[in-house]
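Notes follow once the structure below has been shown.
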Amino acid sequence: MSIDLNEPVVISISIREFVESIFRQGDLCYTNSLQNVMQEGIQVHKNWQSIQKKQDGTYSSEIPLYYEYHHDDIVFQFTGRMDGLVVRENQYYVEEIKSTVLPLDSISEESFPTHWAQAKCYAFMYAHEKKYSKMNVIVTYYQKETGDIRQFTKAYLYETLHTFFHSLVQVYEKCVMQDLQWEWSRNASIEQLAFPFSSYRKGQEELIESVQDATSNGDVLFAQAPTGIGKTMAVLYATLKNVPSVGIAKIFYLTARTPTRKVAEKAVQLLHQKGLQYRSISLTAKEKVCLMGVTHCIGDECPYAKGYYDRVTEAVDTLLKQTHFYSTEEIVYTAQKFTICPFELSLDLSLKCDCIICDYNYVFDPKVSLKRYFFGHTGNGKFAFLIDEAHNMVKRAQEMFSSEIAQYKIQKVMQEARSMEDLTEPLNKLMDAFQLIKNKMDAEETMNYYYATTVPEEFLIEIETSYETLKSVLEEKHFKDVPYSLVVLFYDLKHFMKIHDLFDSHYCFLSTVEKNGIRCKLFCMDPSSILQNVLQRSYTSVFFSATLSPIQYFVRMLGGGRESVQFRTDSPFPKENLQVMIENEISTKYKERQQSYEKISLYIQSMVESKIGNYLVFFPSYDYMNKVYDTFQMVKGKTSCILQKPFMNEKERSSFLASFSYQHGRSLAGFAVMGGIFGEGIDLVGDQLSGAIIVGVGLPSINLENMILKKYFDENEESGFGYAFVYPGINRVLQAVGRVIRTEEDRGVVLLIDSRFDHPNYRKLLPEEWGYVPGIHNPNLYASLLKEFWKG
């Protein structure tokens with residue numbers, strides 16, 4: 001539905017969306033995505049229509065229909081495309097075609113009221129246009145596996161169709177009026193909304209103006225603004241103020257991590273307290289809210305999927321009456337009350353919301369993006385994408401647009417599904433596909449990897465045919481009573497085929513030999529063109545972060561293009577509040593790290609003893625961190641130490657951060673990994689953090705994928721080493737440094753340890769507001785300089 005608040009109000013809607021908004025009923029089904037169902041349905045339609053045209057010369061297909069209905073100052077525009085029309089003995093028959101995997105003898109006339117409603121609406125529209133007094137309706141069910149059909153036919157007078165159609169319009173009109181009344185009150189509250197703080201922080205007002213210009217003009221904006229400027233509120237407030245004038249239908253506030261999502265939620269709730277009427281929802285991953293505790297849904301086996309559509313409308317109405325911000329906790333509580341899936345409830349509720357706070361993948365990832373907005377019939381309207389922590393998007397995009405198949409997963413299915421004889425052939429074909437790759441490795445004498453700019457055709461054929469066979473087997477069994485490993489493998493293959501549709505010169509095919517077998521990957525080296533296409537789904541997009549540096553790298557990699565707009569502002573905090581220095585003699589290169597443990601420990605000692613406080617020391621790897629941690633124990637004195645561990649759970653993370661929330665009477669040194677969970681997105685204000693040491697320039701590990709990235713960009717006459725290593729590395733460094741100064745009152749110290757920081761190629765990447773960063777190579781001298789700083 002698209003609403004234009006200028007007079008008259010125009011409501012445009014497809015018949016399919018119109019009917020489904022009224023007649024939804026029955027169970028959830030997860031066996032196919034909306035995109036796949038639509039694509040398969042289109043092919044079924046084409047096949048059946050082709051057969052009909054050959055058999056009956058009067059048969060025509062895909063007939064466009066339009067009907068306009070006026071009520072007061074509202075114009076309803078109904079559009080549709082009739083599947084088929086045939087003339088028999090001067091009688092006109094409208095055909096609605098539906099594909100199904102159900103046995104045809106299980107389908108009766110009464111099975112699917114939605115199908116009849118859609119067909120009757122088409123019949124009414126056609127009869128109205130042609131001024132026919134009666135019409136016949138055929139609903140055809142096409143069994144996808146067998147190709148068999150079952151048809152039901154009914155005759156209707158025009159008056160009956162007219163009455164039926166307008167009875168639906170009355171129901172729909174009531175919903176539209178509620179939506180319009182909400183939008184009018186929402187827009188009135190936005191126009192009256194003042195900035196929620198008494199004053200702007202330095203640079204914040206300029207950021208607001210830049211975002212307002214971009215969202216007004218429909219631009220793609222890249223905004224770099226330092227930590228502590230209030231980016232979240234500035235970007236959100238600026239976009240909100242343009243909602244009434246621009247006609248922004250929805251704001252998608254996109255984040256990479258839970259802490260950033262929480263900041264956005266607090267900003268929205270604060271605006272609500274200041275009088276904003278704006279329905280907002282925060283989406284949480286399905287596996288985190290599943291009431292059954294599973295990661296893959298089989299609708300027939302889930303009580304929260306059974307009869308979902310019979311109860312969801314009341315659940316949504318209940319939530320809409322309660323509040324304007326819908327938290328995960330409220331959604332889960334309501335889902336339990338109505339015995340429906342909380343994740344699907346959140347998606348259905350989002351249709352009524354103005355702002356959706358969610359992870360990047362809900363917009364960008366082909367596997368889990370919100371199809372109802374971007375591929376379905378609700379996908380019209382002006383959207384604003386606000387991408388927070390945008391420095392994370394390059395790596396995330398490369399991951400989202402890549403896909404892999406692992407040989408060990410096939411072997412696991414072979415072990416767990418030995419009794420399923422219909423799986424023997426497709427599983428053997430998959431193993432043959434991997435043997436083909438192994439043969440290529442042997443032929444090229446690369447031994448443990450195979451790299452190509454195209455996917456080997458014989459490999460792809462085996463994958464495609466195996467996928468289709470597994471799909472048929474699983475659909476025949478309705479995904480029930482099969483090993484979970486088979487379901488996992490099926491979805492891996494499905495995703496692989498989906499990503500292969502995107503495969504072009506920005507991709508490579510990469511296979512590696514690992515301990516548990518071969519792994520074949522469609523590796524997206526350059527996501528810029530795909531991201532550019534995704535951004536076209538929005539009216540305006542804002543990428544913002546404290547560390548979009550160098551900004552041209554991010555514009556290039558994130559699909560900004562030449563037409564994108566850029567904004568940058570310096571730190572609003574006094575420069576004298578932050579002391580940054582470079583240790584310019586220590587090498588942290590892999591082969592020289594062992595020689596650095598003792599000297600780094602002395603620098604840590606100098607920092608923690610200069611002033612009692614809390615400090616963070618960031619390392620490029622767990623191994624390096626652990627070695628220095630062990631060495632530091634010999635000189636730590638009274639300093640308390642805490643250590644980040646791999647795969648920390650929520651409780652362990654909270655405990656780690658809680659250590660910085662109170663004074664110990666002695667210094668605290670927290671050892672963490674650069675680019676990890678404590679390297680960004682945490683807010684340690686005031687005395688919670690006094691300083692940080694950054695060990696190394698943050699370069700990603702030298703592995704096969706990163707070397708392929710370097711080669712790709714070099715061949716495209718761009719800085720391969722910069723794009724693959726330096727720019728991602730310096731971003732990790734700057735994010736870690738950003739933990740130190742969070743407010744105007746904060747003071748802190750930072751030491752960058754690595755001789756490479758002193759090289760001009762790295763110095764030019766450091767923030768301008770730091771000025772010239774002096775070098776040092778003596779821990780004792782450093783201790784004296786720290787004491788002088790803290791006296792100031």
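Within each chain, counting starts at residue 1; across the structure tokens, chains are named A, B, ... in the order shown, with ligands numbered 1 upward in that order.
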
Show me, as a PDB file with C-alpha atoms, in the first residue's frame, the residues that have an atom within 12 Å of Asn47 (chain A) when counting only C-alpha atoms, minus same-chain residues fewer than 6 positions from it.
```pdb
ATOM      1  CA  GLU A  40       8.352 -21.607  -8.989  1.00  0.00           C
ATOM      2  CA  GLY A  41       4.764 -20.362  -9.205  1.00  0.00           C
ATOM      3  CA  LYS A  53      -3.089 -22.024 -25.464  1.00  0.00           C
ATOM      4  CA  LYS A  54      -2.183 -25.038 -27.575  1.00  0.00           C
ATOM      5  CA  SER A  61      -3.106 -15.175 -20.249  1.00  0.00           C
ATOM      6  CA  ASP A  83      -3.812 -15.771 -14.931  1.00  0.00           C
ATOM      7  CA  ILE A  97      -3.761 -21.002 -11.174  1.00  0.00           C
ATOM      8  CA  SER A  99       0.781 -24.613  -7.611  1.00  0.00           C
ATOM      9  CA  TYR A 142      -1.249 -27.799 -10.354  1.00  0.00           C
ATOM     10  CA  LYS A 144       4.300 -29.625  -8.879  1.00  0.00           C
ATOM     11  CA  GLY A 147       2.150 -32.294 -13.116  1.00  0.00           C
TER      12      GLY A 147
END
```

For Thr284 (chain A), list every protein, DNA or RNA residue within 8 Å, evaluated using only C-alpha atoms, and leave out those in the same chain fewer than 3 positions away; present the list as a ChimeraX atom specification.
/A:288-289,328,343,358

I need the residues from that last selection saved to file as a compact mmCIF listing (two decimals), in the first residue's frame (with N, CA and C atoms), if you can.
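What follows is the written file selection_19.txt:
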```
# COMPACT_ATOMS: atom_id res chain seq x y z
N LYS A 288 16.97 -16.78 18.66
CA LYS A 288 17.04 -16.21 20.01
C LYS A 288 15.68 -16.07 20.67
N VAL A 289 14.60 -16.11 19.88
CA VAL A 289 13.26 -15.94 20.46
C VAL A 289 12.40 -17.18 20.29
N THR A 328 11.57 -6.86 22.30
CA THR A 328 11.59 -8.32 22.14
C THR A 328 10.81 -8.99 23.26
N PHE A 343 8.86 -14.74 16.37
CA PHE A 343 9.63 -14.13 15.28
C PHE A 343 8.70 -13.69 14.16
N CYS A 358 17.13 -3.23 13.31
CA CYS A 358 17.48 -4.62 13.06
C CYS A 358 18.92 -4.74 12.58
```

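If you count only C-alpha atoms and ignore residues fewer than 5 places along the chain from Ser21 (chain A), what sits within 12 Å of it is Met1, Ile13, Ser14, Ile15, Arg16, Thr114, Ala117, Gln118, Leu168, Val169, Val171, Tyr172, Glu173, Cys175, Val176, Tyr309, Val312, Thr313, Asp348, Leu351, His377 and Thr378 of chain A.
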
Non-local contacts of region 183-198 of chain A (7 Å; only C-alpha atoms; under 2 positions in same chain excluded) as a PDB file with all heavy atoms, in the first residue's frame:
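Contents of result.pdb, as written:
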```pdb
ATOM      1  N   ASP A 179      -5.017   3.392   9.497  1.00  0.00           N
ATOM      2  CA  ASP A 179      -3.635   3.704   9.132  1.00  0.00           C
ATOM      3  C   ASP A 179      -3.467   5.188   8.826  1.00  0.00           C
ATOM      4  O   ASP A 179      -2.479   5.811   9.219  1.00  0.00           O
ATOM      5  CB  ASP A 179      -3.203   2.875   7.911  1.00  0.00           C
ATOM      6  CG  ASP A 179      -3.042   1.402   8.237  1.00  0.00           C
ATOM      7  OD1 ASP A 179      -2.901   1.076   9.428  1.00  0.00           O
ATOM      8  OD2 ASP A 179      -3.050   0.585   7.294  1.00  0.00           O
ATOM      9  N   LEU A 180      -4.449   5.768   8.111  1.00  0.00           N
ATOM     10  CA  LEU A 180      -4.371   7.185   7.777  1.00  0.00           C
ATOM     11  C   LEU A 180      -4.432   8.058   9.028  1.00  0.00           C
ATOM     12  O   LEU A 180      -3.675   9.028   9.160  1.00  0.00           O
ATOM     13  CB  LEU A 180      -5.498   7.563   6.829  1.00  0.00           C
ATOM     14  CG  LEU A 180      -5.330   7.153   5.362  1.00  0.00           C
ATOM     15  CD1 LEU A 180      -6.608   7.446   4.597  1.00  0.00           C
ATOM     16  CD2 LEU A 180      -4.154   7.878   4.733  1.00  0.00           C
ATOM     17  N   GLN A 181      -5.332   7.706   9.931  1.00  0.00           N
ATOM     18  CA  GLN A 181      -5.445   8.467  11.175  1.00  0.00           C
ATOM     19  C   GLN A 181      -4.141   8.393  11.970  1.00  0.00           C
ATOM     20  O   GLN A 181      -3.696   9.386  12.558  1.00  0.00           O
ATOM     21  CB  GLN A 181      -6.618   7.945  11.994  1.00  0.00           C
ATOM     22  CG  GLN A 181      -7.973   8.326  11.406  1.00  0.00           C
ATOM     23  CD  GLN A 181      -9.125   7.568  12.034  1.00  0.00           C
ATOM     24  OE1 GLN A 181      -8.932   6.766  12.956  1.00  0.00           O
ATOM     25  NE2 GLN A 181     -10.326   7.783  11.529  1.00  0.00           N
ATOM     26  N   LEU A 240      13.806  11.593  10.826  1.00  0.00           N
ATOM     27  CA  LEU A 240      12.418  11.702  11.288  1.00  0.00           C
ATOM     28  C   LEU A 240      11.781  13.020  10.850  1.00  0.00           C
ATOM     29  O   LEU A 240      10.628  13.046  10.414  1.00  0.00           O
ATOM     30  CB  LEU A 240      12.369  11.595  12.811  1.00  0.00           C
ATOM     31  CG  LEU A 240      12.331  10.201  13.425  1.00  0.00           C
ATOM     32  CD1 LEU A 240      12.543  10.285  14.927  1.00  0.00           C
ATOM     33  CD2 LEU A 240      11.011   9.520  13.107  1.00  0.00           C
ATOM     34  N   LYS A 241      12.509  14.106  10.978  1.00  0.00           N
ATOM     35  CA  LYS A 241      11.946  15.417  10.661  1.00  0.00           C
ATOM     36  C   LYS A 241      11.565  15.533   9.186  1.00  0.00           C
ATOM     37  O   LYS A 241      10.754  16.378   8.817  1.00  0.00           O
ATOM     38  CB  LYS A 241      12.932  16.525  11.040  1.00  0.00           C
ATOM     39  CG  LYS A 241      13.160  16.659  12.535  1.00  0.00           C
ATOM     40  CD  LYS A 241      11.882  17.005  13.303  1.00  0.00           C
ATOM     41  CE  LYS A 241      11.465  18.430  13.132  1.00  0.00           C
ATOM     42  NZ  LYS A 241      10.279  18.777  13.974  1.00  0.00           N
ATOM     43  N   PRO A 244       7.357  13.561   7.181  1.00  0.00           N
ATOM     44  CA  PRO A 244       6.117  14.111   6.600  1.00  0.00           C
ATOM     45  C   PRO A 244       6.316  14.736   5.225  1.00  0.00           C
ATOM     46  O   PRO A 244       5.525  14.493   4.308  1.00  0.00           O
ATOM     47  CB  PRO A 244       5.692  15.164   7.631  1.00  0.00           C
ATOM     48  CG  PRO A 244       6.377  14.785   8.893  1.00  0.00           C
ATOM     49  CD  PRO A 244       7.689  14.199   8.477  1.00  0.00           C
ATOM     50  N   LEU A 271      12.756   9.815  22.372  1.00  0.00           N
ATOM     51  CA  LEU A 271      11.915  10.643  21.503  1.00  0.00           C
ATOM     52  C   LEU A 271      10.437  10.410  21.790  1.00  0.00           C
ATOM     53  O   LEU A 271       9.624  11.341  21.721  1.00  0.00           O
ATOM     54  CB  LEU A 271      12.235  10.357  20.033  1.00  0.00           C
ATOM     55  CG  LEU A 271      13.618  10.814  19.561  1.00  0.00           C
ATOM     56  CD1 LEU A 271      13.930  10.279  18.174  1.00  0.00           C
ATOM     57  CD2 LEU A 271      13.711  12.346  19.576  1.00  0.00           C
ATOM     58  N   LYS A 274       9.438  12.456  24.594  1.00  0.00           N
ATOM     59  CA  LYS A 274       9.344  13.876  24.237  1.00  0.00           C
ATOM     60  C   LYS A 274       8.127  14.180  23.363  1.00  0.00           C
ATOM     61  O   LYS A 274       8.004  15.283  22.839  1.00  0.00           O
ATOM     62  CB  LYS A 274      10.620  14.318  23.509  1.00  0.00           C
ATOM     63  CG  LYS A 274      11.893  14.180  24.344  1.00  0.00           C
ATOM     64  CD  LYS A 274      11.879  15.095  25.558  1.00  0.00           C
ATOM     65  CE  LYS A 274      13.174  14.993  26.333  1.00  0.00           C
ATOM     66  NZ  LYS A 274      13.186  15.913  27.511  1.00  0.00           N
ATOM     67  N   GLY A 275       7.259  13.194  23.186  1.00  0.00           N
ATOM     68  CA  GLY A 275       6.003  13.436  22.484  1.00  0.00           C
ATOM     69  C   GLY A 275       5.889  12.810  21.102  1.00  0.00           C
ATOM     70  O   GLY A 275       4.855  12.962  20.437  1.00  0.00           O
ATOM     71  N   LEU A 276       6.914  12.116  20.645  1.00  0.00           N
ATOM     72  CA  LEU A 276       6.856  11.490  19.326  1.00  0.00           C
ATOM     73  C   LEU A 276       5.891  10.312  19.322  1.00  0.00           C
ATOM     74  O   LEU A 276       5.941   9.450  20.199  1.00  0.00           O
ATOM     75  CB  LEU A 276       8.252  10.995  18.914  1.00  0.00           C
ATOM     76  CG  LEU A 276       8.325  10.213  17.597  1.00  0.00           C
ATOM     77  CD1 LEU A 276       8.006  11.115  16.407  1.00  0.00           C
ATOM     78  CD2 LEU A 276       9.695   9.563  17.422  1.00  0.00           C
ATOM     79  N   GLN A 277       5.006  10.300  18.341  1.00  0.00           N
ATOM     80  CA  GLN A 277       4.151   9.130  18.105  1.00  0.00           C
ATOM     81  C   GLN A 277       4.697   8.419  16.868  1.00  0.00           C
ATOM     82  O   GLN A 277       4.481   8.863  15.740  1.00  0.00           O
ATOM     83  CB  GLN A 277       2.700   9.561  17.892  1.00  0.00           C
ATOM     84  CG  GLN A 277       2.070  10.214  19.117  1.00  0.00           C
ATOM     85  CD  GLN A 277       0.603  10.527  18.891  1.00  0.00           C
ATOM     86  OE1 GLN A 277      -0.154   9.690  18.418  1.00  0.00           O
ATOM     87  NE2 GLN A 277       0.205  11.746  19.234  1.00  0.00           N
ATOM     88  N   TYR A 278       5.413   7.345  17.087  1.00  0.00           N
ATOM     89  CA  TYR A 278       6.113   6.670  15.989  1.00  0.00           C
ATOM     90  C   TYR A 278       6.283   5.202  16.375  1.00  0.00           C
ATOM     91  O   TYR A 278       6.988   4.875  17.328  1.00  0.00           O
ATOM     92  CB  TYR A 278       7.481   7.332  15.783  1.00  0.00           C
ATOM     93  CG  TYR A 278       8.049   7.193  14.389  1.00  0.00           C
ATOM     94  CD1 TYR A 278       7.494   7.892  13.323  1.00  0.00           C
ATOM     95  CD2 TYR A 278       9.155   6.386  14.148  1.00  0.00           C
ATOM     96  CE1 TYR A 278       8.022   7.787  12.038  1.00  0.00           C
ATOM     97  CE2 TYR A 278       9.698   6.281  12.875  1.00  0.00           C
ATOM     98  CZ  TYR A 278       9.130   6.975  11.825  1.00  0.00           C
ATOM     99  OH  TYR A 278       9.650   6.871  10.557  1.00  0.00           O
TER     100      TYR A 278
END
```

Within 7 Å of region 201-221 of chain A, which residues of region 566-605 of chain A come that close, and what is the closest atom pair and distance in Å for each? Count only C-alpha atoms and give it as CSV.
```
residue,atom,partner,partner_atom,distance
A:Gln566,CA,A:Leu221,CA,5.7
A:Thr569,CA,A:Gly203,CA,6.2
A:Pro572,CA,A:Lys202,CA,5.0
```

Please produce a file of the residues just selected, as an mmCIF file, in the first residue's frame, where the atoms kept are N, CA and C atoms.
```cif
data_model
loop_
_atom_site.group_PDB
_atom_site.id
_atom_site.type_symbol
_atom_site.label_atom_id
_atom_site.label_comp_id
_atom_site.auth_asym_id
_atom_site.auth_seq_id
_atom_site.Cartn_x
_atom_site.Cartn_y
_atom_site.Cartn_z
ATOM 1 N N GLN A 566 29.340 13.136 0.906
ATOM 2 C CA GLN A 566 30.228 12.827 2.034
ATOM 3 C C GLN A 566 30.193 13.946 3.063
ATOM 4 N N THR A 569 33.254 15.474 10.290
ATOM 5 C CA THR A 569 33.448 16.501 11.307
ATOM 6 C C THR A 569 34.492 16.017 12.300
ATOM 7 N N PRO A 572 34.612 16.740 18.862
ATOM 8 C CA PRO A 572 34.167 17.928 19.599
ATOM 9 C C PRO A 572 34.901 18.107 20.924
#
```

Item to check | Counting only C-alpha atoms, the residue of A:Leu781, A:Val488, A:Val513, A:Leu535 that sits nearest Ser606 (chain A) | outcome: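 Smallest distance to Ser606 (chain A) is found for A:Leu781.
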
**Item:** Which residue of A:Met607, A:Cys353, A:Ala234, A:Val628 approaches Gly748 (chain A) most closely, using only C-alpha atoms
**Value:**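 Of all the options, A:Met607 lies closest to Gly748 (chain A).
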
Next on the checklist: I'd like the neighbourhood of His495 (chain A) as a list in words, where a residue qualifies if any of its atoms comes within 9 Å (using only C-alpha atoms), though same-chain residues fewer than 2 positions away should be ignored.
Outcome noted: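 Non-adjacent residues within range: Pro366, Lys367, Ser403, Glu404, Phe490, Tyr491, Asp492, Leu493, Met497, Lys498, Ile499 and His500 of chain A.
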
- Hey, what's within 12 Å of His759 (chain A) if we count only C-alpha atoms and toss same-chain stuff fewer than 2 positions away? As a PyMOL selection string, please? chain A and resi 582-585+697+754-757+761-766+773+775

Writer output for current selection, C-alpha atoms, as a JSON list (two decimals), in the first residue's frame:
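Okay, result_36.json is ready:
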```json
[["chain", "number", "residue", "atom", "x", "y", "z"],
["A", 582, "ILE", "CA", 53.66, 5.89, 19.03],
["A", 583, "GLU", "CA", 56.19, 3.30, 20.21],
["A", 584, "ASN", "CA", 58.29, 3.32, 17.05],
["A", 585, "GLU", "CA", 60.88, 0.61, 17.69],
["A", 697, "VAL", "CA", 48.49, -2.13, 13.13],
["A", 754, "ASP", "CA", 54.34, -0.86, 16.25],
["A", 755, "SER", "CA", 57.15, 0.76, 14.29],
["A", 756, "ARG", "CA", 54.89, 0.82, 11.21],
["A", 757, "PHE", "CA", 52.69, 3.47, 12.80],
["A", 761, "ASN", "CA", 51.69, 5.53, 4.81],
["A", 762, "TYR", "CA", 50.21, 4.91, 8.25],
["A", 763, "ARG", "CA", 50.60, 8.39, 9.70],
["A", 764, "LYS", "CA", 48.41, 9.82, 6.92],
["A", 765, "LEU", "CA", 45.59, 7.48, 8.01],
["A", 766, "LEU", "CA", 45.55, 8.77, 11.61],
["A", 773, "VAL", "CA", 51.73, 12.09, 17.15],
["A", 775, "GLY", "CA", 57.26, 8.73, 18.76]]
```

**Item:** Spatial neighbours of Pro728 (chain A), max dist 8 Å, only C-alpha atoms, sep filter under 4 positions, as number ranges by chain
**Value:** A: 698-700, 723-724, 732

Q. Please, what distance in Å, to one decimal, runs between CA of Tyr66 (chain A) and CA of Val86 (chain A)?
A.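 Going from CA of Tyr66 (chain A) over to CA of Val86 (chain A) covers 19.1 Å.
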
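Each of A:Asp56, A:Glu301, A:Glu705, A:Asp504 was checked against His478 (chain A) using only C-alpha atoms; the smallest atom-to-atom distance is that of A:Glu301.
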
Among region 400-635 of chain A, which residues carry a DSSP assignment of helix (DSSP H, G or I), reported as an MDAnalysis selection string? chainID A and resid 400 407:416 421:444 457:476 484:500 528:535 551:557 575:577 590:610 622:632

Fill in: Separation of CA of Ile356 (chain A) from CA of Asn533 (chain A) in Å
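Going from CA of Asn533 (chain A) over to CA of Ile356 (chain A) covers 20.6 Å.
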
| Top pick for closest residue to Ile708 (chain A), considering A:Tyr507, A:Trp790, A:Phe632, A:Tyr539 and counting only C-alpha atoms |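 The answer is A:Tyr507, which sits nearest to Ile708 (chain A).
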
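The closest residue to Arg519 (chain A), picked from A:Trp182, A:Tyr69, A:Tyr408, A:Phe725 and counting only C-alpha atoms, is A:Tyr408.
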
Q: Identify all residues of region 256-349 of chain A in strand (DSSP E) (DSSP on the backbone) and supply them as a ChimeraX atom specification.
A: /A:280-282,325-326

Create the file for the chosen residues now, containing N, CA and C atoms and written as a JSON list (two decimals), in the first residue's frame.
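Written out: out-v5.json:
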```json
[["chain", "number", "residue", "atom", "x", "y", "z"],
["A", 280, "SER", "N", 7.70, 1.80, 16.56],
["A", 280, "SER", "CA", 9.05, 1.29, 16.32],
["A", 280, "SER", "C", 9.19, -0.11, 16.89],
["A", 281, "ILE", "N", 9.95, -0.93, 16.19],
["A", 281, "ILE", "CA", 10.14, -2.31, 16.62],
["A", 281, "ILE", "C", 11.60, -2.69, 16.48],
["A", 282, "SER", "N", 12.06, -3.52, 17.39],
["A", 282, "SER", "CA", 13.42, -4.03, 17.34],
["A", 282, "SER", "C", 13.35, -5.53, 17.06],
["A", 325, "PHE", "N", 6.49, 1.46, 21.16],
["A", 325, "PHE", "CA", 7.77, 0.76, 20.98],
["A", 325, "PHE", "C", 7.60, -0.69, 21.39],
["A", 326, "TYR", "N", 7.97, -1.58, 20.49],
["A", 326, "TYR", "CA", 7.71, -3.01, 20.71],
["A", 326, "TYR", "C", 9.03, -3.73, 20.91]]
```

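Distances from A:Val137, A:Cys520, A:Leu616, A:Ile42 to Leu85 (chain A) were compared using only C-alpha atoms, and the smallest one belongs to A:Val137.
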